[in-house]
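Novice: Supplied in structure tokens, the structure appears directly below.
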Amino acid sequence: MKTNILKNKFYLGLSALSVLLLLLAWTYVSISGGGLIPTPFETFKRFIELLYKPVANGTIFIHLLVSLKRVIIAFLIASFAGIFLGVMLGWNKRFNAFFGPIFEILRPIPPIAWIPLVILWFGIGETPKVVIVFIGSFVPIVLNTFSGIKMIDSLLISAGKVLGANERQLLWDVAMPASLPAILAGMKTALGSGWMCVLAAEMVVAKQGVGFLIVRGMESGDSSLIIVCMIVIGLVSALITFSLTKFERKMCPWQTR
Amino acid sequence: MGSDIKVQVKNLTKKFGDLLVLDNASFDIKKGEFLCIVGPTGCGKTTFLNLLVKLIEPTEGQILIDGEPADPKKHNLSFVFQEPSAFPWLTVEQNIRYGLETKKVAEGIIKERTDQIIGLLGLEKFRKSYPHQLSASTEQRIVIGRSFAMHPDLLLMDEPYGQMDIKLRYYLEDEVIKLWKATGSTVIFITHNIEEAVYLAERCLVLSQKPTTVKSEVVIDLERPRNIADPRFIDIRQKVTDMIKWW
């Protein structure tokens, strides 16, 4: 018991040490870099400033909310559409034969490559950003749902059949719960990819959002602003992953060991 | 013979192209009977089972349940696979309820039967557990309980204890007898373990090498619980073993 606590303290100490070393290295590089890179302290100061002083009519909090809103709207639409398409591709042979090839052709195109076309088609308002995020998060959800359905243990399907389940019950009572862990994993990947896409879209053309702030920082030579945004992006990503993992545990209690 | 016949298998024949797998197999099963089927390895046992639960159609012959052609939609045919097949996302209780729920049985009956099965299996304290939290043998017991809960017209068991050690098997065999007696189900139990067959069955069908046919049948009228050291038990076991020998 006592050695366990000591061990945990030791590991915690190691983690703290690594962060401290990173900060020290950062400070060293910024001091010897002649002002190109801000020190951690300057960055922190800039962050506090951004909390109450707006950049392009919004504090960092407002910009973050704008980006998050775009991601969440697109992610929700992508989840519904993606799960539907993935299930249909995996469950229905005819549907797969008909739509599978189209999806296979479109799938490998990086979502960011769509940005120019989407801007041409939808202009520079909210819609193009949501569309880009949608494209970015739709594909991983479809792929994971599809393989989740395809990889169901056939024994479970047979078990459902001999217990009298009809086709609809087999899909809802057996296939869906059996592939739920894969679907949720796809949603996790999708949210990460969506978050990446929103930044790219905002960096190309936007009046608000974290991606826009980064570009603003670049244009005005404000490296602290860029670094603050990068750290915020990282933290938000980590937070999103954490909450999705919690959600996953709640949805799939049989997966926890 | 007469009205106590539950299942009639008449001249069942299966060919895959020119390959004759099952040749003119006929037998009856009485209502509530426990029938074991033994046969040499590779004797087309799987085909035989798949025909019985109508997963494949016979080339000739038919299977009648209560005098009518067997129909999975109408009759209650259940199957316990060799590998445990509990649904991992359902708790023990939900697994046992599942088949009854798909058949839209009244809630009162579902509850009553589920409680009965959980009681017989002694799984009260694992009611809310998920299969992965239990051992493989317990998972198989849940699956067996789930099948018995449906009070099937015909329950087929395909070497359900094939993967378990001998000590556990005796325990589980006693348990399956308990479930069978409590639910009055008609059971076909397939095994290649002759001792297991003699321990469980009221009657034992011996299959031949391919093309499979029913070679002979042995009625086992020993009282229960059976004693594997009883000379009469050993006698029957020897008789069945001799019938199965192909070397």
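Here, A, B, ... name the chains of the structure tokens in the order displayed, residue numbers run from 1 inside each chain, and ligands are numbered from 1 in the same displayed order.
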Compile a residue-level contact table for chain A against chain B at a cut-off of 9 Å, reporting for every qualifying residue the shortest atom pair and its distance in Å to one decimal, with only C-alpha atoms counted, rows ordered by chain and ascending number, as a Markdown table.

Specialist:
| residue | atom | partner | partner_atom | distance |
| --- | --- | --- | --- | --- |
| A:Leu155 | CA | B:Ser85 | CA | 6.4 |
| A:Leu156 | CA | B:Ser85 | CA | 5.9 |
| A:Ser158 | CA | B:Ser85 | CA | 8.8 |
| A:Ala159 | CA | B:Ser85 | CA | 6.4 |
| A:Gly160 | CA | B:Gly99 | CA | 8.0 |
| A:Val162 | CA | B:Ser78 | CA | 5.4 |
| A:Leu163 | CA | B:Gly99 | CA | 4.8 |
| A:Gly164 | CA | B:Thr102 | CA | 6.3 |
| A:Ala165 | CA | B:Thr102 | CA | 5.8 |
| A:Asn166 | CA | B:Thr102 | CA | 8.3 |
| A:Gln169 | CA | B:Thr102 | CA | 7.6 |
| A:Val174 | CA | B:Phe87 | CA | 7.8 |
| A:Pro177 | CA | B:Trp89 | CA | 6.7 |
| A:Ala178 | CA | B:Trp89 | CA | 7.3 |
| A:Cys252 | CA | B:Trp89 | CA | 7.3 |
| A:Pro253 | CA | B:Trp89 | CA | 7.7 |
| A:Trp254 | CA | B:Trp89 | CA | 5.5 |
| A:Gln255 | CA | B:Trp89 | CA | 8.1 |
| A:Arg257 | CA | B:Gln133 | CA | 7.7 |

Novice: Name all residues at most 7 Å from range 186-190 of chain A (count only C-alpha atoms; drop same-chain ones fewer than 2 positions away) and give them as a list in words.

Specialist: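 Final neighbour list, sorted by chain and number: Gly136, Ser137, Phe138, Pro140, Ile141, Asn144, Ala182, Ile183, Leu184, Gly192, Ser193, Gly194, Thr241 and Leu244 of chain A.
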
Novice: Please produce an output containing N, CA, C and O atoms for each residue in the selection, written as a PDB file, in the first residue's frame.

Specialist:
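The resulting again-v5.pdb:
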ATOM      1  N   GLY A 136     -15.165  16.522 -43.323  1.00  0.00           N
ATOM      2  CA  GLY A 136     -14.064  15.962 -42.529  1.00  0.00           C
ATOM      3  C   GLY A 136     -14.515  14.950 -41.500  1.00  0.00           C
ATOM      4  O   GLY A 136     -13.806  13.991 -41.200  1.00  0.00           O
ATOM      5  N   SER A 137     -15.721  15.137 -40.919  1.00  0.00           N
ATOM      6  CA  SER A 137     -16.113  14.199 -39.869  1.00  0.00           C
ATOM      7  C   SER A 137     -17.019  13.084 -40.386  1.00  0.00           C
ATOM      8  O   SER A 137     -17.147  12.039 -39.750  1.00  0.00           O
ATOM      9  N   PHE A 138     -17.599  13.291 -41.545  1.00  0.00           N
ATOM     10  CA  PHE A 138     -18.523  12.302 -42.113  1.00  0.00           C
ATOM     11  C   PHE A 138     -17.786  10.997 -42.459  1.00  0.00           C
ATOM     12  O   PHE A 138     -18.225   9.903 -42.085  1.00  0.00           O
ATOM     13  N   PRO A 140     -14.850   9.459 -41.439  1.00  0.00           N
ATOM     14  CA  PRO A 140     -14.488   8.480 -40.402  1.00  0.00           C
ATOM     15  C   PRO A 140     -15.692   7.808 -39.750  1.00  0.00           C
ATOM     16  O   PRO A 140     -15.615   6.634 -39.375  1.00  0.00           O
ATOM     17  N   ILE A 141     -16.807   8.540 -39.647  1.00  0.00           N
ATOM     18  CA  ILE A 141     -17.989   7.921 -39.027  1.00  0.00           C
ATOM     19  C   ILE A 141     -18.538   6.816 -39.939  1.00  0.00           C
ATOM     20  O   ILE A 141     -18.826   5.708 -39.479  1.00  0.00           O
ATOM     21  N   ASN A 144     -16.037   3.759 -39.881  1.00  0.00           N
ATOM     22  CA  ASN A 144     -16.062   2.971 -38.646  1.00  0.00           C
ATOM     23  C   ASN A 144     -17.375   2.225 -38.464  1.00  0.00           C
ATOM     24  O   ASN A 144     -17.387   1.081 -38.031  1.00  0.00           O
ATOM     25  N   ALA A 182     -17.460   0.518 -32.116  1.00  0.00           N
ATOM     26  CA  ALA A 182     -16.771   0.972 -33.330  1.00  0.00           C
ATOM     27  C   ALA A 182     -17.338   2.311 -33.795  1.00  0.00           C
ATOM     28  O   ALA A 182     -16.595   3.202 -34.213  1.00  0.00           O
ATOM     29  N   ILE A 183     -18.654   2.456 -33.708  1.00  0.00           N
ATOM     30  CA  ILE A 183     -19.290   3.715 -34.129  1.00  0.00           C
ATOM     31  C   ILE A 183     -18.782   4.867 -33.260  1.00  0.00           C
ATOM     32  O   ILE A 183     -18.408   5.923 -33.758  1.00  0.00           O
ATOM     33  N   LEU A 184     -18.746   4.633 -31.946  1.00  0.00           N
ATOM     34  CA  LEU A 184     -18.290   5.701 -31.042  1.00  0.00           C
ATOM     35  C   LEU A 184     -16.819   6.041 -31.293  1.00  0.00           C
ATOM     36  O   LEU A 184     -16.432   7.208 -31.239  1.00  0.00           O
ATOM     37  N   GLY A 192     -12.137  14.926 -33.845  1.00  0.00           N
ATOM     38  CA  GLY A 192     -10.763  15.424 -33.976  1.00  0.00           C
ATOM     39  C   GLY A 192     -10.525  15.979 -35.367  1.00  0.00           C
ATOM     40  O   GLY A 192     -10.000  17.084 -35.544  1.00  0.00           O
ATOM     41  N   SER A 193     -10.995  15.204 -36.361  1.00  0.00           N
ATOM     42  CA  SER A 193     -10.789  15.632 -37.740  1.00  0.00           C
ATOM     43  C   SER A 193     -11.617  16.880 -38.043  1.00  0.00           C
ATOM     44  O   SER A 193     -11.168  17.787 -38.752  1.00  0.00           O
ATOM     45  N   GLY A 194     -12.821  16.970 -37.482  1.00  0.00           N
ATOM     46  CA  GLY A 194     -13.668  18.145 -37.676  1.00  0.00           C
ATOM     47  C   GLY A 194     -13.028  19.393 -37.092  1.00  0.00           C
ATOM     48  O   GLY A 194     -13.050  20.468 -37.686  1.00  0.00           O
ATOM     49  N   THR A 241     -11.956  15.018 -26.376  1.00  0.00           N
ATOM     50  CA  THR A 241     -11.650  13.580 -26.343  1.00  0.00           C
ATOM     51  C   THR A 241     -12.023  12.987 -24.988  1.00  0.00           C
ATOM     52  O   THR A 241     -12.614  11.908 -24.902  1.00  0.00           O
ATOM     53  N   LEU A 244     -15.748  12.661 -24.687  1.00  0.00           N
ATOM     54  CA  LEU A 244     -16.260  11.570 -25.521  1.00  0.00           C
ATOM     55  C   LEU A 244     -15.920  10.206 -24.935  1.00  0.00           C
ATOM     56  O   LEU A 244     -16.707   9.271 -25.024  1.00  0.00           O
TER      57      LEU A 244
END

Novice: Give me, as a ChimeraX atom specification, the residues of range 98-137 of chain B that a backbone DSSP run labels alpha helix (DSSP H).

Specialist: /B:98-102,107-121,136-137

Novice: Mind writing the picked residues with N, CA and C atoms as an mmCIF file, in the first residue's frame?

Specialist:
data_model
loop_
_atom_site.group_PDB
_atom_site.id
_atom_site.type_symbol
_atom_site.label_atom_id
_atom_site.label_comp_id
_atom_site.auth_asym_id
_atom_site.auth_seq_id
_atom_site.Cartn_x
_atom_site.Cartn_y
_atom_site.Cartn_z
ATOM 1 N N TYR B 98 -34.098 -11.976 -23.425
ATOM 2 C CA TYR B 98 -34.102 -11.526 -24.822
ATOM 3 C C TYR B 98 -35.033 -12.317 -25.764
ATOM 4 N N GLY B 99 -34.890 -13.641 -25.748
ATOM 5 C CA GLY B 99 -35.687 -14.459 -26.672
ATOM 6 C C GLY B 99 -37.181 -14.309 -26.413
ATOM 7 N N LEU B 100 -37.540 -14.177 -25.128
ATOM 8 C CA LEU B 100 -38.952 -14.029 -24.783
ATOM 9 C C LEU B 100 -39.463 -12.679 -25.256
ATOM 10 N N GLU B 101 -38.593 -11.668 -25.167
ATOM 11 C CA GLU B 101 -38.995 -10.327 -25.614
ATOM 12 C C GLU B 101 -39.195 -10.284 -27.131
ATOM 13 N N THR B 102 -38.301 -10.946 -27.884
ATOM 14 C CA THR B 102 -38.483 -10.918 -29.346
ATOM 15 C C THR B 102 -39.774 -11.624 -29.736
ATOM 16 N N GLU B 107 -45.225 -9.644 -20.226
ATOM 17 C CA GLU B 107 -44.197 -9.261 -19.253
ATOM 18 C C GLU B 107 -44.227 -10.150 -17.999
ATOM 19 N N GLY B 108 -45.432 -10.459 -17.537
ATOM 20 C CA GLY B 108 -45.557 -11.279 -16.328
ATOM 21 C C GLY B 108 -44.857 -12.624 -16.515
ATOM 22 N N ILE B 109 -45.086 -13.229 -17.670
ATOM 23 C CA ILE B 109 -44.489 -14.546 -17.948
ATOM 24 C C ILE B 109 -42.972 -14.411 -18.102
ATOM 25 N N ILE B 110 -42.541 -13.330 -18.787
ATOM 26 C CA ILE B 110 -41.094 -13.122 -18.962
ATOM 27 C C ILE B 110 -40.427 -13.076 -17.598
ATOM 28 N N LYS B 111 -41.024 -12.300 -16.698
ATOM 29 C CA LYS B 111 -40.417 -12.112 -15.385
ATOM 30 C C LYS B 111 -40.381 -13.443 -14.621
ATOM 31 N N GLU B 112 -41.492 -14.133 -14.681
ATOM 32 C CA GLU B 112 -41.597 -15.398 -13.956
ATOM 33 C C GLU B 112 -40.550 -16.407 -14.451
ATOM 34 N N ARG B 113 -40.456 -16.536 -15.784
ATOM 35 C CA ARG B 113 -39.509 -17.520 -16.342
ATOM 36 C C ARG B 113 -38.062 -17.101 -16.107
ATOM 37 N N THR B 114 -37.795 -15.798 -16.246
ATOM 38 C CA THR B 114 -36.429 -15.322 -16.025
ATOM 39 C C THR B 114 -36.000 -15.610 -14.588
ATOM 40 N N ASP B 115 -36.898 -15.294 -13.655
ATOM 41 C CA ASP B 115 -36.566 -15.550 -12.241
ATOM 42 C C ASP B 115 -36.334 -17.042 -12.007
ATOM 43 N N GLN B 116 -37.176 -17.858 -12.639
ATOM 44 C CA GLN B 116 -37.044 -19.313 -12.462
ATOM 45 C C GLN B 116 -35.681 -19.786 -12.973
ATOM 46 N N ILE B 117 -35.313 -19.333 -14.175
ATOM 47 C CA ILE B 117 -34.049 -19.776 -14.774
ATOM 48 C C ILE B 117 -32.856 -19.270 -13.948
ATOM 49 N N ILE B 118 -32.917 -18.001 -13.550
ATOM 50 C CA ILE B 118 -31.812 -17.449 -12.749
ATOM 51 C C ILE B 118 -31.687 -18.233 -11.440
ATOM 52 N N GLY B 119 -32.841 -18.578 -10.866
ATOM 53 C CA GLY B 119 -32.838 -19.370 -9.631
ATOM 54 C C GLY B 119 -32.217 -20.747 -9.857
ATOM 55 N N LEU B 120 -32.647 -21.422 -10.928
ATOM 56 C CA LEU B 120 -32.133 -22.771 -11.209
ATOM 57 C C LEU B 120 -30.636 -22.748 -11.479
ATOM 58 N N LEU B 121 -30.168 -21.677 -12.109
ATOM 59 C CA LEU B 121 -28.742 -21.589 -12.435
ATOM 60 C C LEU B 121 -27.927 -21.057 -11.255
ATOM 61 N N ALA B 136 -16.084 -18.154 -18.966
ATOM 62 C CA ALA B 136 -16.649 -18.679 -20.215
ATOM 63 C C ALA B 136 -17.714 -19.733 -19.919
ATOM 64 N N SER B 137 -17.495 -20.548 -18.885
ATOM 65 C CA SER B 137 -18.479 -21.593 -18.593
ATOM 66 C C SER B 137 -19.780 -20.963 -18.094
#

Novice: What's around Ser237 in chain A at 9 Å? Count only C-alpha atoms, leave out sequence neighbours fewer than 5 positions away in its own chain, and write the answer as a short mmCIF file (atom, residue, chain, number, x, y, z; two decimals) with N, CA and C atoms, in the first residue's frame.

Specialist:
data_model
loop_
_atom_site.label_atom_id
_atom_site.label_comp_id
_atom_site.auth_asym_id
_atom_site.auth_seq_id
_atom_site.Cartn_x
_atom_site.Cartn_y
_atom_site.Cartn_z
N LEU A 191 -14.58 13.85 -34.57
CA LEU A 191 -14.56 15.13 -33.88
C LEU A 191 -13.16 15.76 -33.97
N GLY A 192 -12.14 14.93 -33.84
CA GLY A 192 -10.76 15.42 -33.98
C GLY A 192 -10.53 15.98 -35.37
N TRP A 195 -12.42 19.25 -35.94
CA TRP A 195 -11.76 20.36 -35.27
C TRP A 195 -10.59 20.86 -36.13
N VAL A 232 -4.72 26.77 -26.76
CA VAL A 232 -6.16 26.64 -26.53
C VAL A 232 -6.74 25.51 -27.39
N PHE A 242 -11.68 13.73 -23.93
CA PHE A 242 -11.97 13.26 -22.57
C PHE A 242 -13.48 13.07 -22.39
#

Novice: Report, in Å to a single decimal, how far apart CA of Tyr170 in chain B and CA of Tyr199 in chain B are.

Specialist: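 Separating CA of Tyr199 in chain B from CA of Tyr170 in chain B is a distance of 8.9 Å.
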
Novice: So how many Å separate CA of Ala182 in chain B and CA of Phe148 in chain B, to one decimal?

Specialist: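 Atom-to-atom, CA of Ala182 in chain B and CA of Phe148 in chain B are spaced 9.3 Å apart.
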
Novice: Do you have the CA of Ala78 in chain A-CA of Gly234 in chain A distance handy?

Specialist: 22.5 Å

Novice: Report as a VMD selection string: the residues of range 10-43 of chain B with a DSSP assignment of strand (DSSP E), based on the backbone of this structure.

Specialist: chain B and resid 10 to 16 19 to 30 34 to 38

Novice: With distances taken over only C-alpha atoms, which of B:Leu49, B:Ile56, B:Ala229, B:Ile96 is nearest to Lys15 in chain B?

Specialist: B:Ile56

Novice: Residues at most 10 Å from Val214 in chain B, counting only C-alpha atoms, excluding those fewer than 2 positions away in the same chain, as a ChimeraX atom specification?

Specialist: /B:22-27,37-39,205-209,212,216-217

Novice: Would you save the residues of that selection, restricted to C-alpha atoms, as an mmCIF file, in the first residue's frame?

Specialist:
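Contents of part_23.cif, freshly written:
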data_model
loop_
_atom_site.group_PDB
_atom_site.id
_atom_site.type_symbol
_atom_site.label_atom_id
_atom_site.label_comp_id
_atom_site.auth_asym_id
_atom_site.auth_seq_id
_atom_site.Cartn_x
_atom_site.Cartn_y
_atom_site.Cartn_z
ATOM 1 C CA LEU B 22 -27.252 -37.498 -45.097
ATOM 2 C CA ASP B 23 -28.932 -40.671 -46.260
ATOM 3 C CA ASN B 24 -32.531 -41.374 -45.419
ATOM 4 C CA ALA B 25 -32.496 -40.637 -41.690
ATOM 5 C CA SER B 26 -35.748 -41.297 -39.845
ATOM 6 C CA PHE B 27 -36.555 -41.116 -36.146
ATOM 7 C CA ILE B 37 -26.899 -38.025 -30.784
ATOM 8 C CA VAL B 38 -23.394 -39.442 -31.004
ATOM 9 C CA GLY B 39 -21.335 -40.199 -34.034
ATOM 10 C CA LEU B 205 -28.988 -42.261 -31.487
ATOM 11 C CA VAL B 206 -25.767 -43.502 -33.015
ATOM 12 C CA LEU B 207 -24.865 -42.041 -36.396
ATOM 13 C CA SER B 208 -22.758 -43.791 -39.031
ATOM 14 C CA GLN B 209 -19.843 -42.473 -41.064
ATOM 15 C CA THR B 212 -24.725 -40.284 -42.451
ATOM 16 C CA SER B 216 -28.975 -47.687 -34.233
ATOM 17 C CA GLU B 217 -30.573 -46.436 -31.080
#

Novice: Using only C-alpha atoms for the distances, tell me which of A:Ser243, A:Val131, A:Lys250, A:Leu225 is nearest to Ile37 in chain A.

Specialist: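 Checking each of A:Ser243, A:Val131, A:Lys250, A:Leu225 against Ile37 in chain A, counting only C-alpha atoms, the winner is A:Leu225.
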
Novice: If we count only C-alpha atoms, what is near Gln208 in chain A at a cut-off of 8 Å, once residues fewer than 6 positions away on the same chain are taken out, given as a list in words?

Specialist: Ala56, Gly58, His63, Val66, Ser67 and Glu202 of chain A

Novice: Which residues come within 12 Å of Glu68 in chain B, counting only C-alpha atoms, excluding same-chain residues fewer than 2 positions away, as a list in words?

Specialist: Ile5, Lys6, Val7, Gln8, Val9, Gln62, Ile63, Leu64, Ile65, Asp66, Ala70, Asp71, Pro72, Lys74 and His75 of chain B

Novice: Could you list, as a list in words, every residue within 7 Å of range 114-129 of chain A, counting only C-alpha atoms and ignoring same-chain residues fewer than 5 positions away?

Specialist: Arg70, Val198, Ala201 and Val205 of chain A
